[in-house]
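Undergrad: I am attaching a structure below and will ask some questions about it afterwards.
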Amino acid sequence: MFRFFKKTISLIILSLFLLGLDLSRIKTRIEEIGGLKFKKFPQVIYLNQEQVKKLVLRELNFREVKILSPLGIIKDPESYIKRKTSLFSGAGIGFFSPSSPGKVFVAKGWPERFQELALVHELRHCLQWEHFPSLFSSLQEGFLGEDRTNALLAVLEGDATWVTIRYFGKKEFLPPDFPGDFLMGMVHFVYTDGYRLVKERWKRDGIAGVISLLRNPPDNTAFFFKRHYERINCPCRGSLLSLGMETYSFLLGELAMHLKGDCLCQEGKKLKGTLVFDSPANSALAMKVISYKIRRRISEKIIFELEVRDDSSNPGEKGNDP
């Protein structure tokens, strides 16, 4: 490890000379735009693409597969793992993680404009970590698809995107259209809906509103759609979690917007959960979508139970597989 970083650090001066990026100017601009000052400006390290890829892969986890595959939200676990690995390791130009404090990494071999864009974005993440370290601790405890994690990711990425857009003097962020599967849909939500929320808060309350959002981020994705969401009790004693409107939208479609609350927990090989809708009629419609997993329905509530290991490979009767 020491040899690796000794070699990379020896490239810093050469890289900065070749790239010509004015770190002092970049630092000042980011602080002015985002309303946060660096407590200690990080070391900017330039690595080749393969080295950045290794750093990204070190951070990846796939905890969501065990939960979302039995539900039918992730259709093909093996394919999903390959796509997620490729997406996050192949497209990385910049990288920041609290596991490497005091450092921001940028990939060599890209045009200077792209490297500056990546650097600004990752430096904003560094500022978020310096001022609100508990947010990153919460991220490490969660997983992609869990409601609080989704909401927190959207605020952090939305804020970093908002700062980057303003840094380059752009008026709007226009993301590409993504396919509607879970992985790309979550990427779209985190960056697009997160950015919109941060921008709305800035327009309404100025930079103080943005800082307030970072200090007290929402704990559910319903907040992004201006909907109320309830914490409900689960039918087991296991560790309780909520998947929320955004994750369930990949199973329920528009019906997910009629969710008032949900919970999920695991007991042994069983996943047990409850979905609460805003009316008995909408819970009846949802039951048609996920009928093979249903244990029972009580008015606006759907209570379900399924096998963690076996359900995704043997999803039930033909016509019931979402």
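By convention here, the chains of the structure tokens are called A, B, ... in the order presented, each chain's residues are numbered starting at 1, and ligands are numbered starting at 1 in the order presented.
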Can you tell me, as a PyMOL selection string, which residues in region 95-304 of chain A count as helix (DSSP H, G or I) by DSSP?
TA: chain A and resi 112-131+133-141+147-167+182-205+207-215+221-225+244-258+280-289+291-293
Undergrad: May I have the residues within 9 Å of Arg297 (chain A) as an NGL selection string, using only C-alpha atoms and disregarding those fewer than 3 positions away in the same chain?
TA: :A and (283-284 or 287 or 294 or 300-304)
Undergrad: Generate the output file for the selected residues, N, CA, C and O atoms, as a tab-separated table (two decimals), in the first residue's frame.
TA:
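Saved to again.tsv:
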chain	number	residue	atom	x	y	z
A	283	SER	N	-54.57	-0.55	-3.18
A	283	SER	CA	-53.93	-1.77	-2.69
A	283	SER	C	-54.43	-2.98	-3.47
A	283	SER	O	-53.66	-3.91	-3.72
A	284	ALA	N	-55.69	-2.95	-3.90
A	284	ALA	CA	-56.22	-4.04	-4.72
A	284	ALA	C	-55.54	-4.07	-6.09
A	284	ALA	O	-55.24	-5.14	-6.62
A	287	MET	N	-52.10	-5.46	-5.71
A	287	MET	CA	-52.12	-6.89	-5.43
A	287	MET	C	-52.09	-7.70	-6.73
A	287	MET	O	-51.55	-8.81	-6.77
A	294	ILE	N	-48.15	-12.48	-2.23
A	294	ILE	CA	-49.02	-11.94	-1.20
A	294	ILE	C	-49.38	-12.99	-0.15
A	294	ILE	O	-49.73	-14.12	-0.47
A	300	GLU	N	-56.33	-1.24	3.05
A	300	GLU	CA	-55.27	-0.55	2.32
A	300	GLU	C	-53.90	-1.19	2.52
A	300	GLU	O	-52.91	-0.74	1.95
A	301	LYS	N	-53.82	-2.25	3.32
A	301	LYS	CA	-52.54	-2.89	3.62
A	301	LYS	C	-52.35	-4.20	2.85
A	301	LYS	O	-53.27	-5.00	2.73
A	302	ILE	N	-51.14	-4.38	2.34
A	302	ILE	CA	-50.73	-5.66	1.76
A	302	ILE	C	-49.61	-6.22	2.62
A	302	ILE	O	-48.59	-5.56	2.84
A	303	ILE	N	-49.78	-7.42	3.11
A	303	ILE	CA	-48.78	-8.07	3.95
A	303	ILE	C	-48.22	-9.26	3.18
A	303	ILE	O	-48.98	-10.09	2.69
A	304	PHE	N	-46.91	-9.31	3.03
A	304	PHE	CA	-46.32	-10.37	2.21
A	304	PHE	C	-45.17	-11.05	2.92
A	304	PHE	O	-44.60	-10.55	3.89
Undergrad: Out of A:Leu68, A:Gly206, A:Tyr195, A:Glu116, which residue has the shortest atom-to-atom distance to Phe168 (chain A) when counting only C-alpha atoms?
TA: A:Glu116
Undergrad: Please list as a PDB file with N, CA, C and O atoms, in the first residue's frame every residue within 9 Å of Ser249 (chain A), counting only C-alpha atoms and excluding residues in the same chain fewer than 6 positions away.
TA:
ATOM      1  N   ILE A  73     -37.477  -6.820  -8.081  1.00  0.00           N
ATOM      2  CA  ILE A  73     -37.030  -5.498  -8.519  1.00  0.00           C
ATOM      3  C   ILE A  73     -35.731  -5.629  -9.315  1.00  0.00           C
ATOM      4  O   ILE A  73     -35.546  -4.973 -10.336  1.00  0.00           O
ATOM      5  N   PHE A 182     -33.891  -0.877 -12.584  1.00  0.00           N
ATOM      6  CA  PHE A 182     -33.576  -0.346 -11.262  1.00  0.00           C
ATOM      7  C   PHE A 182     -32.245   0.400 -11.217  1.00  0.00           C
ATOM      8  O   PHE A 182     -32.178   1.527 -10.715  1.00  0.00           O
ATOM      9  N   LEU A 255     -48.235   3.085  -9.307  1.00  0.00           N
ATOM     10  CA  LEU A 255     -48.910   2.762  -8.056  1.00  0.00           C
ATOM     11  C   LEU A 255     -48.028   3.063  -6.843  1.00  0.00           C
ATOM     12  O   LEU A 255     -48.541   3.263  -5.739  1.00  0.00           O
ATOM     13  N   ALA A 256     -46.715   3.084  -7.044  1.00  0.00           N
ATOM     14  CA  ALA A 256     -45.814   3.386  -5.932  1.00  0.00           C
ATOM     15  C   ALA A 256     -46.053   4.787  -5.385  1.00  0.00           C
ATOM     16  O   ALA A 256     -45.795   5.049  -4.209  1.00  0.00           O
ATOM     17  N   MET A 257     -46.566   5.679  -6.211  1.00  0.00           N
ATOM     18  CA  MET A 257     -46.846   7.039  -5.755  1.00  0.00           C
ATOM     19  C   MET A 257     -48.039   7.081  -4.801  1.00  0.00           C
ATOM     20  O   MET A 257     -48.300   8.108  -4.180  1.00  0.00           O
TER      21      MET A 257
END
Undergrad: Just the residues within 12 Å of Arg25 (chain A), please, counting only C-alpha atoms, with nothing from its chain fewer than 6 positions along; format it as a PDB file with N, CA and C atoms, in the first residue's frame.
TA:
ATOM      1  N   GLU A  31     -15.588  27.307  -2.848  1.00  0.00           N
ATOM      2  CA  GLU A  31     -15.978  27.852  -1.549  1.00  0.00           C
ATOM      3  C   GLU A  31     -16.978  28.988  -1.711  1.00  0.00           C
ATOM      4  N   GLU A  32     -16.771  29.852  -2.708  1.00  0.00           N
ATOM      5  CA  GLU A  32     -17.680  30.972  -2.940  1.00  0.00           C
ATOM      6  C   GLU A  32     -19.057  30.489  -3.371  1.00  0.00           C
ATOM      7  N   GLU A 116     -11.252  18.829 -14.834  1.00  0.00           N
ATOM      8  CA  GLU A 116     -11.655  19.922 -13.958  1.00  0.00           C
ATOM      9  C   GLU A 116     -13.079  19.706 -13.458  1.00  0.00           C
ATOM     10  N   VAL A 120     -13.960  19.326  -9.481  1.00  0.00           N
ATOM     11  CA  VAL A 120     -14.904  20.198  -8.774  1.00  0.00           C
ATOM     12  C   VAL A 120     -15.953  19.354  -8.045  1.00  0.00           C
ATOM     13  N   TYR A 167     -20.399  26.260 -11.087  1.00  0.00           N
ATOM     14  CA  TYR A 167     -18.977  26.534 -11.285  1.00  0.00           C
ATOM     15  C   TYR A 167     -18.675  26.801 -12.760  1.00  0.00           C
TER      16      TYR A 167
END
Undergrad: Residues within 9 Å of Met245 (chain A), please, as a PyMOL selection string. Count only C-alpha atoms; anything in the same chain fewer than 3 positions from it doesn't count.
TA: chain A and resi 147+220-222+229+248-249+256-262
Undergrad: Go ahead and save the picked residues with C-alpha atoms, as a PDB file, in the first residue's frame.
TA:
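The file below, selection.pdb, is the result:
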ATOM      1  CA  ASP A 147     -35.148   4.548   1.288  1.00  0.00           C
ATOM      2  CA  ASN A 220     -37.316   9.185   2.584  1.00  0.00           C
ATOM      3  CA  THR A 221     -37.700   9.569  -1.183  1.00  0.00           C
ATOM      4  CA  ALA A 222     -41.355  10.620  -0.892  1.00  0.00           C
ATOM      5  CA  TYR A 229     -44.539   9.032   4.190  1.00  0.00           C
ATOM      6  CA  TYR A 248     -40.979   0.210  -5.203  1.00  0.00           C
ATOM      7  CA  SER A 249     -41.705   2.161  -8.387  1.00  0.00           C
ATOM      8  CA  ALA A 256     -45.814   3.386  -5.932  1.00  0.00           C
ATOM      9  CA  MET A 257     -46.846   7.039  -5.755  1.00  0.00           C
ATOM     10  CA  HIS A 258     -49.900   5.920  -3.781  1.00  0.00           C
ATOM     11  CA  LEU A 259     -47.808   4.306  -1.047  1.00  0.00           C
ATOM     12  CA  LYS A 260     -48.199   5.884   2.382  1.00  0.00           C
ATOM     13  CA  GLY A 261     -45.587   3.705   4.059  1.00  0.00           C
ATOM     14  CA  ASP A 262     -43.748   0.404   3.921  1.00  0.00           C
TER      15      ASP A 262
END
Undergrad: Which residue out of A:Lys203, A:Lys84, A:Lys27, A:Arg196 has the minimum interatomic distance to Leu119 (chain A) when only C-alpha atoms are used?
TA: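 Nearest candidate to Leu119 (chain A) out of A:Lys203, A:Lys84, A:Lys27, A:Arg196: A:Lys27.
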Undergrad: Identify which of the residues A:Ser279, A:Thr274, A:Ser291, A:Gln115 lies closest to Ile232 (chain A), counting only C-alpha atoms when measuring atom-to-atom distances.
TA: A:Thr274
Undergrad: I'd like the neighbourhood of Val104 (chain A) as a count of residues only, where a residue qualifies if any of its atoms comes within 9 Å (using only C-alpha atoms), though same-chain residues fewer than 3 positions away should be ignored.
TA: 15
Undergrad: With only C-alpha atoms as the basis for distance, which of A:Ile165, A:Leu71, A:Leu183, A:Leu23 is at the shortest distance from Gly273 (chain A)?
TA: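 So, comparing all the options, the nearest one is A:Leu71.
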Undergrad: Pick out the closest residue to Ala107 (chain A) from this set: A:Leu47, A:Leu87, A:Ile74, A:Ile81. Count only C-alpha atoms.
TA: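 Counting only C-alpha atoms, the residue closest to Ala107 (chain A) is A:Leu47.
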Undergrad: Just checking: using only C-alpha atoms, which residue out of A:Glu267, A:Glu50, A:Asp205, A:Asp22 ends up closest to Arg237 (chain A)?
TA: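 The shortest atom-to-atom distance to Arg237 (chain A) comes from A:Glu267.
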Undergrad: Give me the residues near Ala151 (chain A) as an MDAnalysis selection string, where near means some atom within 10 Å (using only C-alpha atoms) and where sequence neighbours in that chain fewer than 5 positions away do not count.
TA: chainID A and resid 145:146 156 189:190 193:194 217:224 244 246
Undergrad: Save out the residues we just selected, C-alpha atoms, as a CSV table (one decimal), in the first residue's frame.
TA:
chain,number,residue,atom,x,y,z
A,145,GLY,CA,-32.5,0.7,-2.7
A,146,GLU,CA,-33.0,1.4,1.0
A,156,LEU,CA,-25.2,14.6,-1.7
A,189,PHE,CA,-33.1,9.7,-9.5
A,190,VAL,CA,-30.0,10.4,-7.4
A,193,ASP,CA,-34.1,14.6,-8.6
A,194,GLY,CA,-31.3,15.4,-6.1
A,217,PRO,CA,-31.4,15.7,4.7
A,218,PRO,CA,-34.8,14.0,4.2
A,219,ASP,CA,-35.0,10.4,5.3
A,220,ASN,CA,-37.3,9.2,2.6
A,221,THR,CA,-37.7,9.6,-1.2
A,222,ALA,CA,-41.4,10.6,-0.9
A,223,PHE,CA,-40.0,14.0,0.2
A,224,PHE,CA,-38.7,14.6,-3.3
A,244,GLY,CA,-39.9,3.7,-0.1
A,246,GLU,CA,-38.7,5.3,-5.5
Undergrad: Could you give me, as a PyMOL selection string, each residue of region 3-235 of chain A that DSSP assigns to strand (DSSP E or B) when run on this structure's backbone?
TA: chain A and resi 43-47+94-95+103-107+230
